[in-house]
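Data block for upload_6.pdb (PDB, C-alpha atoms, pLDDT in the B column):
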MODEL        1
ATOM      1  CA  ILE A  23      56.908 -11.592  16.927  1.00 93.00           C
ATOM      2  CA  GLN A  24      53.483 -10.312  15.878  1.00 96.00           C
ATOM      3  CA  LEU A  25      52.412  -6.779  16.755  1.00 98.00           C
ATOM      4  CA  THR A  26      48.783  -5.770  17.314  1.00 98.00           C
ATOM      5  CA  GLN A  27      47.966  -2.078  17.141  1.00 98.00           C
ATOM      6  CA  SER A  28      44.821  -0.486  18.539  1.00 94.00           C
ATOM      7  CA  PRO A  29      42.694   1.200  17.632  1.00 96.00           C
ATOM      8  CA  SER A  30      42.930   0.782  13.862  1.00 96.00           C
ATOM      9  CA  LEU A  31      41.240   4.171  13.394  1.00 97.00           C
ATOM     10  CA  LEU A  32      41.254   7.071  15.826  1.00 97.00           C
ATOM     11  CA  SER A  33      39.407  10.368  15.484  1.00 97.00           C
ATOM     12  CA  ALA A  34      40.492  13.224  17.729  1.00 97.00           C
ATOM     13  CA  SER A  35      40.355  17.009  17.935  1.00 97.00           C
ATOM     14  CA  VAL A  36      43.186  19.508  17.762  1.00 97.00           C
ATOM     15  CA  GLY A  37      44.674  19.865  21.236  1.00 97.00           C
ATOM     16  CA  ASP A  38      43.576  16.401  22.401  1.00 97.00           C
ATOM     17  CA  ARG A  39      45.928  14.031  24.171  1.00 98.00           C
ATOM     18  CA  VAL A  40      46.099  10.938  21.967  1.00 98.00           C
ATOM     19  CA  THR A  41      47.277   7.464  22.946  1.00 98.00           C
ATOM     20  CA  LEU A  42      48.074   4.660  20.506  1.00 98.00           C
ATOM     21  CA  SER A  43      48.706   1.104  21.615  1.00 98.00           C
ATOM     22  CA  CYS A  44      50.968  -1.669  20.351  1.00 98.00           C
ATOM     23  CA  LYS A  45      51.025  -5.152  21.846  1.00 98.00           C
ATOM     24  CA  GLY A  46      53.538  -7.848  21.021  1.00 98.00           C
ATOM     25  CA  SER A  47      52.922 -11.582  20.936  1.00 97.00           C
ATOM     26  CA  GLN A  48      56.132 -11.995  22.968  1.00 97.00           C
ATOM     27  CA  ASN A  49      58.404  -9.871  25.132  1.00 97.00           C
ATOM     28  CA  ILE A  50      59.946  -7.127  22.965  1.00 97.00           C
ATOM     29  CA  ASN A  51      62.567  -6.085  25.558  1.00 97.00           C
ATOM     30  CA  ASN A  52      61.999  -2.389  24.751  1.00 97.00           C
ATOM     31  CA  TYR A  53      63.217  -2.815  21.160  1.00 97.00           C
ATOM     32  CA  LEU A  54      60.161  -0.977  19.916  1.00 98.00           C
ATOM     33  CA  ALA A  55      59.968   1.980  17.551  1.00 98.00           C
ATOM     34  CA  TRP A  56      57.188   4.154  16.166  1.00 98.00           C
ATOM     35  CA  TYR A  57      56.887   5.516  12.632  1.00 98.00           C
ATOM     36  CA  GLN A  58      54.603   8.168  11.199  1.00 98.00           C
ATOM     37  CA  GLN A  59      53.530   7.913   7.579  1.00 96.00           C
ATOM     38  CA  LYS A  60      51.608  10.653   5.829  1.00 96.00           C
ATOM     39  CA  LEU A  61      49.772   9.997   2.577  1.00 92.00           C
ATOM     40  CA  GLY A  62      52.208   9.654  -0.308  1.00 89.00           C
ATOM     41  CA  GLU A  63      55.282  10.054   1.878  1.00 92.00           C
ATOM     42  CA  ALA A  64      57.944   7.768   3.259  1.00 92.00           C
ATOM     43  CA  PRO A  65      57.660   6.577   6.862  1.00 95.00           C
ATOM     44  CA  LYS A  66      59.343   8.869   9.387  1.00 97.00           C
ATOM     45  CA  LEU A  67      61.017   7.539  12.528  1.00 97.00           C
ATOM     46  CA  LEU A  68      59.546   9.171  15.634  1.00 98.00           C
ATOM     47  CA  ILE A  69      60.628   7.055  18.600  1.00 98.00           C
ATOM     48  CA  TYR A  70      63.118   4.207  19.050  1.00 97.00           C
ATOM     49  CA  ASN A  71      64.086   2.002  21.984  1.00 97.00           C
ATOM     50  CA  THR A  72      60.582   2.557  23.395  1.00 98.00           C
ATOM     51  CA  ASN A  73      61.099   6.154  24.534  1.00 98.00           C
ATOM     52  CA  SER A  74      64.028   7.787  22.686  1.00 97.00           C
ATOM     53  CA  LEU A  75      62.895  10.722  20.569  1.00 97.00           C
ATOM     54  CA  GLN A  76      64.463  10.836  17.121  1.00 96.00           C
ATOM     55  CA  THR A  77      66.318  14.051  16.305  1.00 95.00           C
ATOM     56  CA  GLY A  78      64.004  16.751  14.997  1.00 96.00           C
ATOM     57  CA  ILE A  79      60.776  15.196  16.256  1.00 98.00           C
ATOM     58  CA  PRO A  80      58.565  17.518  18.346  1.00 97.00           C
ATOM     59  CA  SER A  81      58.500  16.859  22.070  1.00 97.00           C
ATOM     60  CA  ARG A  82      54.718  16.365  22.023  1.00 98.00           C
ATOM     61  CA  PHE A  83      55.496  12.812  20.874  1.00 98.00           C
ATOM     62  CA  SER A  84      56.520  10.355  23.572  1.00 98.00           C
ATOM     63  CA  GLY A  85      56.738   6.615  24.021  1.00 98.00           C
ATOM     64  CA  THR A  86      56.399   4.301  26.986  1.00 98.00           C
ATOM     65  CA  GLY A  87      56.109   0.614  27.653  1.00 98.00           C
ATOM     66  CA  SER A  88      57.789  -2.599  28.612  1.00 97.00           C
ATOM     67  CA  GLY A  89      57.460  -6.321  28.062  1.00 97.00           C
ATOM     68  CA  THR A  90      54.732  -6.805  25.487  1.00 97.00           C
ATOM     69  CA  ASP A  91      52.810  -3.524  25.842  1.00 98.00           C
ATOM     70  CA  TYR A  92      53.851  -0.182  24.379  1.00 98.00           C
ATOM     71  CA  THR A  93      52.250   3.215  23.872  1.00 98.00           C
ATOM     72  CA  LEU A  94      52.791   6.268  21.705  1.00 98.00           C
ATOM     73  CA  THR A  95      51.342   9.480  23.123  1.00 98.00           C
ATOM     74  CA  ILE A  96      50.795  12.789  21.381  1.00 98.00           C
ATOM     75  CA  SER A  97      50.325  15.307  24.173  1.00 98.00           C
ATOM     76  CA  SER A  98      48.476  17.936  22.136  1.00 98.00           C
ATOM     77  CA  LEU A  99      47.303  16.880  18.700  1.00 98.00           C
ATOM     78  CA  GLN A 100      48.199  19.197  15.820  1.00 98.00           C
ATOM     79  CA  PRO A 101      46.650  19.214  12.333  1.00 97.00           C
ATOM     80  CA  GLU A 102      49.959  18.078  10.828  1.00 97.00           C
ATOM     81  CA  ASP A 103      49.839  14.911  12.942  1.00 98.00           C
ATOM     82  CA  VAL A 104      47.143  13.395  10.720  1.00 97.00           C
ATOM     83  CA  ALA A 105      48.852  10.225   9.484  1.00 97.00           C
ATOM     84  CA  THR A 106      49.088   6.484   9.954  1.00 97.00           C
ATOM     85  CA  TYR A 107      51.305   5.362  12.828  1.00 98.00           C
ATOM     86  CA  PHE A 108      53.149   2.037  12.790  1.00 98.00           C
ATOM     87  CA  CYS A 109      54.924   0.294  15.615  1.00 98.00           C
ATOM     88  CA  TYR A 110      57.985  -1.806  14.751  1.00 98.00           C
ATOM     89  CA  GLN A 111      59.904  -4.356  16.814  1.00 97.00           C
ATOM     90  CA  TYR A 112      63.543  -5.327  16.352  1.00 96.00           C
ATOM     91  CA  ASN A 113      64.042  -7.624  19.314  1.00 96.00           C
ATOM     92  CA  ASN A 114      63.557 -10.817  17.315  1.00 94.00           C
ATOM     93  CA  GLY A 115      63.620 -10.269  13.576  1.00 93.00           C
ATOM     94  CA  TYR A 116      61.945  -7.173  12.290  1.00 95.00           C
ATOM     95  CA  THR A 117      58.155  -6.814  12.165  1.00 97.00           C
ATOM     96  CA  PHE A 118      55.624  -4.020  11.882  1.00 97.00           C
ATOM     97  CA  GLY A 119      52.164  -3.528  13.311  1.00 97.00           C
ATOM     98  CA  ALA A 120      49.206  -3.007  10.993  1.00 97.00           C
ATOM     99  CA  GLY A 121      48.981   0.692  11.801  1.00 97.00           C
ATOM    100  CA  THR A 122      46.643   3.175  13.473  1.00 97.00           C
ATOM    101  CA  LYS A 123      45.117   5.788  11.199  1.00 97.00           C
ATOM    102  CA  LEU A 124      44.757   9.085  13.031  1.00 98.00           C
ATOM    103  CA  GLU A 125      42.275  11.600  11.705  1.00 97.00           C
ATOM    104  CA  LEU A 126      40.826  14.893  12.875  1.00 96.00           C
ATOM    105  CA  LYS A 127      37.349  14.900  14.337  1.00 93.00           C
TER     106      LYS A 127
ATOM    107  CA  GLU B   2      71.960  14.966   4.284  1.00 93.00           C
ATOM    108  CA  ILE B   3      71.377  11.374   3.246  1.00 95.00           C
ATOM    109  CA  GLN B   4      68.842  10.712   0.503  1.00 97.00           C
ATOM    110  CA  LEU B   5      67.637   7.428  -0.945  1.00 97.00           C
ATOM    111  CA  GLN B   6      65.753   6.978  -4.198  1.00 97.00           C
ATOM    112  CA  GLU B   7      64.152   3.818  -5.558  1.00 98.00           C
ATOM    113  CA  SER B   8      63.845   3.154  -9.275  1.00 98.00           C
ATOM    114  CA  GLY B   9      62.682   0.331 -11.488  1.00 95.00           C
ATOM    115  CA  PRO B  10      59.760  -1.013 -13.506  1.00 95.00           C
ATOM    116  CA  GLY B  11      56.307  -0.307 -12.173  1.00 95.00           C
ATOM    117  CA  LEU B  12      54.783  -3.373 -13.796  1.00 97.00           C
ATOM    118  CA  VAL B  13      56.055  -6.952 -13.696  1.00 98.00           C
ATOM    119  CA  LYS B  14      54.434 -10.074 -15.112  1.00 97.00           C
ATOM    120  CA  PRO B  15      53.672 -13.054 -12.886  1.00 97.00           C
ATOM    121  CA  SER B  16      56.493 -15.630 -12.664  1.00 97.00           C
ATOM    122  CA  GLN B  17      59.080 -13.039 -13.716  1.00 98.00           C
ATOM    123  CA  SER B  18      61.641 -11.255 -11.539  1.00 98.00           C
ATOM    124  CA  LEU B  19      61.175  -7.896  -9.878  1.00 98.00           C
ATOM    125  CA  SER B  20      64.293  -5.731  -9.904  1.00 98.00           C
ATOM    126  CA  LEU B  21      64.697  -2.399  -8.131  1.00 98.00           C
ATOM    127  CA  THR B  22      67.597  -0.027  -7.565  1.00 98.00           C
ATOM    128  CA  CYS B  23      68.209   2.200  -4.561  1.00 98.00           C
ATOM    129  CA  SER B  24      70.506   5.130  -5.227  1.00 98.00           C
ATOM    130  CA  VAL B  25      72.033   6.703  -2.125  1.00 98.00           C
ATOM    131  CA  THR B  26      73.453  10.216  -1.879  1.00 98.00           C
ATOM    132  CA  GLY B  27      74.934  11.958   1.119  1.00 97.00           C
ATOM    133  CA  TYR B  28      76.419   8.800   2.619  1.00 96.00           C
ATOM    134  CA  THR B  29      78.696   6.054   1.299  1.00 97.00           C
ATOM    135  CA  ILE B  30      77.058   2.653   1.746  1.00 97.00           C
ATOM    136  CA  THR B  31      80.413   1.015   2.537  1.00 97.00           C
ATOM    137  CA  SER B  32      81.057   3.430   5.429  1.00 95.00           C
ATOM    138  CA  GLY B  33      78.631   1.786   7.812  1.00 92.00           C
ATOM    139  CA  TYR B  34      75.110   0.615   8.600  1.00 96.00           C
ATOM    140  CA  ASP B  35      72.869  -1.893   6.903  1.00 96.00           C
ATOM    141  CA  TRP B  36      70.802  -1.123   3.826  1.00 98.00           C
ATOM    142  CA  SER B  37      67.300  -2.520   3.803  1.00 97.00           C
ATOM    143  CA  TRP B  38      64.371  -3.174   1.544  1.00 98.00           C
ATOM    144  CA  ILE B  39      60.876  -2.945   3.020  1.00 98.00           C
ATOM    145  CA  ARG B  40      57.526  -3.245   1.276  1.00 98.00           C
ATOM    146  CA  LYS B  41      54.033  -2.013   2.048  1.00 97.00           C
ATOM    147  CA  PHE B  42      51.125  -3.982   0.683  1.00 96.00           C
ATOM    148  CA  PRO B  43      47.716  -2.599  -0.305  1.00 94.00           C
ATOM    149  CA  GLY B  44      45.847  -2.448   2.986  1.00 87.00           C
ATOM    150  CA  ASN B  45      48.891  -1.140   4.878  1.00 88.00           C
ATOM    151  CA  LYS B  46      50.722  -4.285   5.998  1.00 94.00           C
ATOM    152  CA  MET B  47      54.477  -3.621   6.028  1.00 96.00           C
ATOM    153  CA  GLU B  48      57.184  -6.269   5.677  1.00 97.00           C
ATOM    154  CA  TRP B  49      60.937  -6.027   6.150  1.00 97.00           C
ATOM    155  CA  MET B  50      62.474  -7.967   3.271  1.00 97.00           C
ATOM    156  CA  GLY B  51      66.179  -7.981   3.950  1.00 97.00           C
ATOM    157  CA  TYR B  52      69.367  -5.952   4.044  1.00 97.00           C
ATOM    158  CA  ILE B  53      72.911  -5.814   2.796  1.00 97.00           C
ATOM    159  CA  SER B  54      75.476  -4.636   5.294  1.00 97.00           C
ATOM    160  CA  TYR B  55      78.232  -2.082   4.722  1.00 97.00           C
ATOM    161  CA  SER B  56      80.624  -5.041   4.439  1.00 97.00           C
ATOM    162  CA  GLY B  57      78.485  -6.828   1.849  1.00 97.00           C
ATOM    163  CA  SER B  58      76.929  -9.548   3.969  1.00 97.00           C
ATOM    164  CA  THR B  59      73.199 -10.118   3.641  1.00 97.00           C
ATOM    165  CA  ASN B  60      70.301 -10.962   5.937  1.00 96.00           C
ATOM    166  CA  TYR B  61      66.922 -11.951   4.544  1.00 97.00           C
ATOM    167  CA  ASN B  62      63.425 -12.379   5.896  1.00 96.00           C
ATOM    168  CA  PRO B  63      63.015 -16.172   6.199  1.00 95.00           C
ATOM    169  CA  SER B  64      59.649 -15.948   4.436  1.00 95.00           C
ATOM    170  CA  LEU B  65      61.421 -14.677   1.303  1.00 95.00           C
ATOM    171  CA  LYS B  66      64.766 -16.442   1.557  1.00 84.00           C
ATOM    172  CA  SER B  67      64.297 -18.676  -1.468  1.00 90.00           C
ATOM    173  CA  ARG B  68      63.260 -15.824  -3.776  1.00 97.00           C
ATOM    174  CA  ILE B  69      65.216 -12.735  -2.714  1.00 98.00           C
ATOM    175  CA  SER B  70      68.652 -11.380  -3.507  1.00 98.00           C
ATOM    176  CA  ILE B  71      70.124  -8.054  -2.396  1.00 98.00           C
ATOM    177  CA  THR B  72      73.342  -6.917  -4.034  1.00 98.00           C
ATOM    178  CA  ARG B  73      75.231  -3.682  -4.470  1.00 98.00           C
ATOM    179  CA  ASP B  74      77.440  -1.612  -6.754  1.00 98.00           C
ATOM    180  CA  THR B  75      79.807   0.291  -4.515  1.00 97.00           C
ATOM    181  CA  SER B  76      81.189   2.345  -7.410  1.00 97.00           C
ATOM    182  CA  LYS B  77      77.735   3.829  -7.951  1.00 98.00           C
ATOM    183  CA  ASN B  78      76.711   3.844  -4.265  1.00 98.00           C
ATOM    184  CA  GLN B  79      73.661   1.772  -5.136  1.00 98.00           C
ATOM    185  CA  PHE B  80      72.084  -1.381  -3.832  1.00 98.00           C
ATOM    186  CA  PHE B  81      69.587  -3.618  -5.543  1.00 98.00           C
ATOM    187  CA  LEU B  82      66.616  -5.860  -4.869  1.00 98.00           C
ATOM    188  CA  GLN B  83      65.764  -8.891  -6.958  1.00 98.00           C
ATOM    189  CA  LEU B  84      62.667 -10.898  -6.125  1.00 98.00           C
ATOM    190  CA  ASN B  85      62.111 -13.984  -8.244  1.00 98.00           C
ATOM    191  CA  SER B  86      58.966 -15.851  -9.290  1.00 97.00           C
ATOM    192  CA  VAL B  87      56.643 -13.004  -8.390  1.00 97.00           C
ATOM    193  CA  THR B  88      52.880 -13.375  -8.039  1.00 97.00           C
ATOM    194  CA  THR B  89      50.101 -10.846  -7.700  1.00 97.00           C
ATOM    195  CA  GLU B  90      50.670 -11.010  -3.939  1.00 97.00           C
ATOM    196  CA  ASP B  91      53.979  -9.213  -4.459  1.00 98.00           C
ATOM    197  CA  THR B  92      52.141  -6.096  -5.598  1.00 98.00           C
ATOM    198  CA  ALA B  93      53.284  -3.407  -3.159  1.00 98.00           C
ATOM    199  CA  THR B  94      55.163  -0.173  -2.664  1.00 97.00           C
ATOM    200  CA  TYR B  95      58.834  -0.993  -2.196  1.00 98.00           C
ATOM    201  CA  TYR B  96      61.051   1.179  -0.016  1.00 98.00           C
ATOM    202  CA  CYS B  97      64.777   1.237   0.518  1.00 98.00           C
ATOM    203  CA  ALA B  98      66.078   2.489   3.837  1.00 98.00           C
ATOM    204  CA  ARG B  99      69.141   2.867   6.031  1.00 97.00           C
ATOM    205  CA  HIS B 100      69.065   0.405   8.933  1.00 91.00           C
ATOM    206  CA  ASN B 101      71.072   2.007  11.722  1.00 90.00           C
ATOM    207  CA  TRP B 102      73.038   0.480  14.605  1.00 87.00           C
ATOM    208  CA  GLU B 103      70.011   0.754  16.899  1.00 86.00           C
ATOM    209  CA  GLY B 104      68.157  -1.653  14.594  1.00 88.00           C
ATOM    210  CA  VAL B 105      65.730   0.882  13.173  1.00 95.00           C
ATOM    211  CA  MET B 106      65.347   2.383   9.716  1.00 95.00           C
ATOM    212  CA  ASP B 107      66.114   6.074  10.112  1.00 96.00           C
ATOM    213  CA  ALA B 108      66.204   7.254   6.494  1.00 96.00           C
ATOM    214  CA  TRP B 109      63.854   6.093   3.762  1.00 97.00           C
ATOM    215  CA  GLY B 110      63.316   6.562   0.067  1.00 97.00           C
ATOM    216  CA  GLN B 111      59.997   7.808  -1.266  1.00 96.00           C
ATOM    217  CA  GLY B 112      58.959   4.347  -2.403  1.00 97.00           C
ATOM    218  CA  ALA B 113      58.398   2.645  -5.757  1.00 97.00           C
ATOM    219  CA  SER B 114      55.010   1.204  -6.606  1.00 97.00           C
ATOM    220  CA  VAL B 115      55.207  -2.195  -8.299  1.00 98.00           C
ATOM    221  CA  THR B 116      52.225  -4.023  -9.711  1.00 98.00           C
ATOM    222  CA  VAL B 117      52.407  -7.685 -10.651  1.00 98.00           C
ATOM    223  CA  SER B 118      49.925  -8.344 -13.408  1.00 96.00           C
ATOM    224  CA  SER B 119      49.725 -10.035 -16.777  1.00 94.00           C
TER     225      SER B 119
ENDMDL
END

Structure re-expressed in structure tokens:
Amino acid sequence: IQLTQSPSLLSASVGDRVTLSCKGSQNINNYLAWYQQKLGEAPKLLIYNTNSLQTGIPSRFSGTGSGTDYTLTISSLQPEDVATYFCYQYNNGYTFGAGTKLELK
Amino acid sequence: EIQLQESGPGLVKPSQSLSLTCSVTGYTITSGYDWSWIRKFPGNKMEWMGYISYSGSTNYNPSLKSRISITRDTSKNQFFLQLNSVTTEDTATYYCARHNWEGVMDAWGQGASVTVSS
């Protein structure tokens, strides 16, 4: 299954509501996760099973979706959210999207 | 708290084998879960390479199946990656991670940068 993330680069201001998209080439059956990776750090699991928040992750992060289309939303962007965000599917094999780089405007 | 740490050579010559070690603390790798290797190429593309389960069985990415081997040393709580016949296209940052029962990697090492070059 191939994953297409959009946009590849997103500029937003502190406090903005931010939406990142991930589209699969086939039905993912909600087996979709989101990772955050800051420069020089390991990826951090944010969301799994489309909408389950990993322990310790702030509630401003949320996930939705079904079928082939999934979304990560940050309800109020914080400076520490500057990172690259990857979607990841585990319905059929294990594949990652190419990432969305989120920067501050 | 579980911690994973990759180690190994940062430079490998083309046609040789790439070997990395993942040392795990805070959890015994035979207690449960699967233990994965993932790599991130220059330009951000990420690829799951394979895992070894808590019982010792392995599962590999079909694109790498002929070149990859994941093994373990339970006495040292370590698992290993060997990738044979490397080319410059294997230049990447290599991560080890715990692959939990949900199917996601929930704990990662910091990554080891490996360059394939003569």

Requested in this report: With only C-alpha atoms counted, which protein, DNA or RNA residues have an atom no more than 9 Å from (55.1, -16.8, -12.5) in the file frame? Please answer as a list of chain:residue names.
Outcome: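 Returned residue set, sorted by chain then number, is B:Lys14, B:Pro15, B:Ser16, B:Gln17, B:Ser18, B:Asn85, B:Ser86, B:Val87, B:Thr88.
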
Report task. Could you please select, counting only C-alpha atoms, the residues of chain B within 10 Å of chain A and state them as a ChimeraX atom specification? Result -> /B:44-51,61-63,96-98,103-112

Requested in this report: Within 10 Å of (80.0, -5.6, 11.2) (coordinates as in the file), grab all the protein and nucleic acid residues, counting all atoms listed in the file, and write them out as a ChimeraX atom specification.
Outcome: /B:33-35,54-58,102

Query raised in the report: What does the PyMOL selection byres ((chain A and resi 41) around 6) select in this file, as a PyMOL selection string?
Result: chain A and resi 40+42+94-95

Query raised in the report: Quick one: residues within 12 Å of Leu19 of chain B, all atoms listed in the file counted, chain neighbours fewer than 2 positions away excluded, as JSON, numbers by chain?
Result: {"B": [8, 9, 10, 11, 12, 13, 14, 15, 16, 17, 21, 22, 68, 69, 70, 71, 81, 82, 83, 84, 85, 86, 87, 88, 89, 91, 92, 93, 95, 113, 114, 115, 116, 117, 118]}

Residue neighbourhood Cys44 of chain A, 6 Å, all atoms listed in the file, exclusion window fewer than 3 positions, as a compact mmCIF listing (two decimals) with C-alpha atoms, in the frame of the given file:
# COMPACT_ATOMS: atom_id res chain seq x y z
CA THR A 26 48.78 -5.77 17.31
CA GLN A 27 47.97 -2.08 17.14
CA TYR A 92 53.85 -0.18 24.38

Query raised in the report: What residues come out when you apply the PyMOL selection byres ((chain A and resi 36) around 6) to this file, written as a PyMOL selection string?
Result: chain A and resi 35+37-38+99-100

Requested in this report: Find the residues near Gly89 of chain A: any atom within 6 Å, counting all atoms listed in the file, skip ones fewer than 2 places away on the same chain, and give them as a PyMOL selection string.
Outcome: chain A and resi 49-51+91

Report summary line: A straight line from atom CA of Leu61 of chain A to atom CA of Thr29 of chain B spans 29.2 Å

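Across the structure, atom CA of Pro80 of chain A and atom CA of Lys45 of chain A are spaced 24.1 Å apart.
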
To box segment 97-105 of chain B, take all atoms listed in the file, fit an axis-aligned box, add 5 Å on each side, and give centre and edge lengths in Å to one decimal, as lines of an AutoDock Vina configuration file.
center_x = 68.9
center_y = 0.6
center_z = 8.7
size_x = 18.3
size_y = 14.5
size_z = 26.4

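Picture a line from atom CA of Gly87 of chain A to atom CA of Pro101 of chain A; it runs 25.9 Å.
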
Query raised in the report: Which residue out of A:Ile79, A:Asp103, A:Asn114, A:Ser47 has the minimum interatomic distance to Ala34 of chain A when all atoms listed in the file are used?
Result: A:Asp103

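Using all atoms listed in the file, the nearest neighbour of Tyr28 of chain B within the list B:Ser119, B:Asn60, B:Thr72, B:Asn78 is B:Asn78.
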
Please rebuild segment 49-71 of chain A with N, CA and C atoms and return the result as a JSON list (two decimals), in the coordinates of the input.
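Generated file (rebuild17.json):
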[["chain", "number", "residue", "atom", "x", "y", "z"],
["A", 49, "ASN", "N", 57.62, -10.96, 24.54],
["A", 49, "ASN", "CA", 58.40, -9.87, 25.13],
["A", 49, "ASN", "C", 59.28, -9.22, 24.05],
["A", 50, "ILE", "N", 59.19, -7.88, 23.97],
["A", 50, "ILE", "CA", 59.95, -7.13, 22.96],
["A", 50, "ILE", "C", 61.21, -6.51, 23.56],
["A", 51, "ASN", "N", 61.34, -6.57, 24.89],
["A", 51, "ASN", "CA", 62.57, -6.08, 25.56],
["A", 51, "ASN", "C", 62.91, -4.64, 25.21],
["A", 52, "ASN", "N", 61.87, -3.83, 25.01],
["A", 52, "ASN", "CA", 62.00, -2.39, 24.75],
["A", 52, "ASN", "C", 62.57, -2.05, 23.37],
["A", 53, "TYR", "N", 62.75, -3.08, 22.51],
["A", 53, "TYR", "CA", 63.22, -2.82, 21.16],
["A", 53, "TYR", "C", 62.01, -2.51, 20.26],
["A", 54, "LEU", "N", 61.41, -1.36, 20.55],
["A", 54, "LEU", "CA", 60.16, -0.98, 19.92],
["A", 54, "LEU", "C", 60.30, 0.46, 19.42],
["A", 55, "ALA", "N", 59.91, 0.66, 18.16],
["A", 55, "ALA", "CA", 59.97, 1.98, 17.55],
["A", 55, "ALA", "C", 58.59, 2.34, 17.00],
["A", 56, "TRP", "N", 58.42, 3.64, 16.76],
["A", 56, "TRP", "CA", 57.19, 4.15, 16.17],
["A", 56, "TRP", "C", 57.53, 4.98, 14.92],
["A", 57, "TYR", "N", 56.74, 4.77, 13.87],
["A", 57, "TYR", "CA", 56.89, 5.52, 12.63],
["A", 57, "TYR", "C", 55.58, 6.24, 12.33],
["A", 58, "GLN", "N", 55.74, 7.40, 11.71],
["A", 58, "GLN", "CA", 54.60, 8.17, 11.20],
["A", 58, "GLN", "C", 54.68, 8.16, 9.67],
["A", 59, "GLN", "N", 53.55, 7.85, 9.03],
["A", 59, "GLN", "CA", 53.53, 7.91, 7.58],
["A", 59, "GLN", "C", 52.34, 8.73, 7.11],
["A", 60, "LYS", "N", 52.65, 9.83, 6.44],
["A", 60, "LYS", "CA", 51.61, 10.65, 5.83],
["A", 60, "LYS", "C", 51.36, 10.17, 4.41],
["A", 61, "LEU", "N", 50.18, 10.48, 3.89],
["A", 61, "LEU", "CA", 49.77, 10.00, 2.58],
["A", 61, "LEU", "C", 50.80, 10.39, 1.51],
["A", 62, "GLY", "N", 51.29, 9.41, 0.79],
["A", 62, "GLY", "CA", 52.21, 9.65, -0.31],
["A", 62, "GLY", "C", 53.64, 9.92, 0.10],
["A", 63, "GLU", "N", 53.93, 9.79, 1.41],
["A", 63, "GLU", "CA", 55.28, 10.05, 1.88],
["A", 63, "GLU", "C", 55.93, 8.79, 2.43],
["A", 64, "ALA", "N", 57.22, 8.87, 2.63],
["A", 64, "ALA", "CA", 57.94, 7.77, 3.26],
["A", 64, "ALA", "C", 57.67, 7.75, 4.76],
["A", 65, "PRO", "N", 57.77, 6.61, 5.40],
["A", 65, "PRO", "CA", 57.66, 6.58, 6.86],
["A", 65, "PRO", "C", 58.75, 7.42, 7.51],
["A", 66, "LYS", "N", 58.40, 8.04, 8.63],
["A", 66, "LYS", "CA", 59.34, 8.87, 9.39],
["A", 66, "LYS", "C", 59.50, 8.28, 10.77],
["A", 67, "LEU", "N", 60.75, 8.08, 11.20],
["A", 67, "LEU", "CA", 61.02, 7.54, 12.53],
["A", 67, "LEU", "C", 60.73, 8.60, 13.58],
["A", 68, "LEU", "N", 59.88, 8.26, 14.55],
["A", 68, "LEU", "CA", 59.55, 9.17, 15.63],
["A", 68, "LEU", "C", 60.27, 8.81, 16.93],
["A", 69, "ILE", "N", 60.17, 7.56, 17.31],
["A", 69, "ILE", "CA", 60.63, 7.06, 18.60],
["A", 69, "ILE", "C", 61.34, 5.73, 18.37],
["A", 70, "TYR", "N", 62.44, 5.50, 19.09],
["A", 70, "TYR", "CA", 63.12, 4.21, 19.05],
["A", 70, "TYR", "C", 63.48, 3.80, 20.47],
["A", 71, "ASN", "N", 63.78, 2.52, 20.65],
["A", 71, "ASN", "CA", 64.09, 2.00, 21.98],
["A", 71, "ASN", "C", 63.01, 2.42, 23.00]]
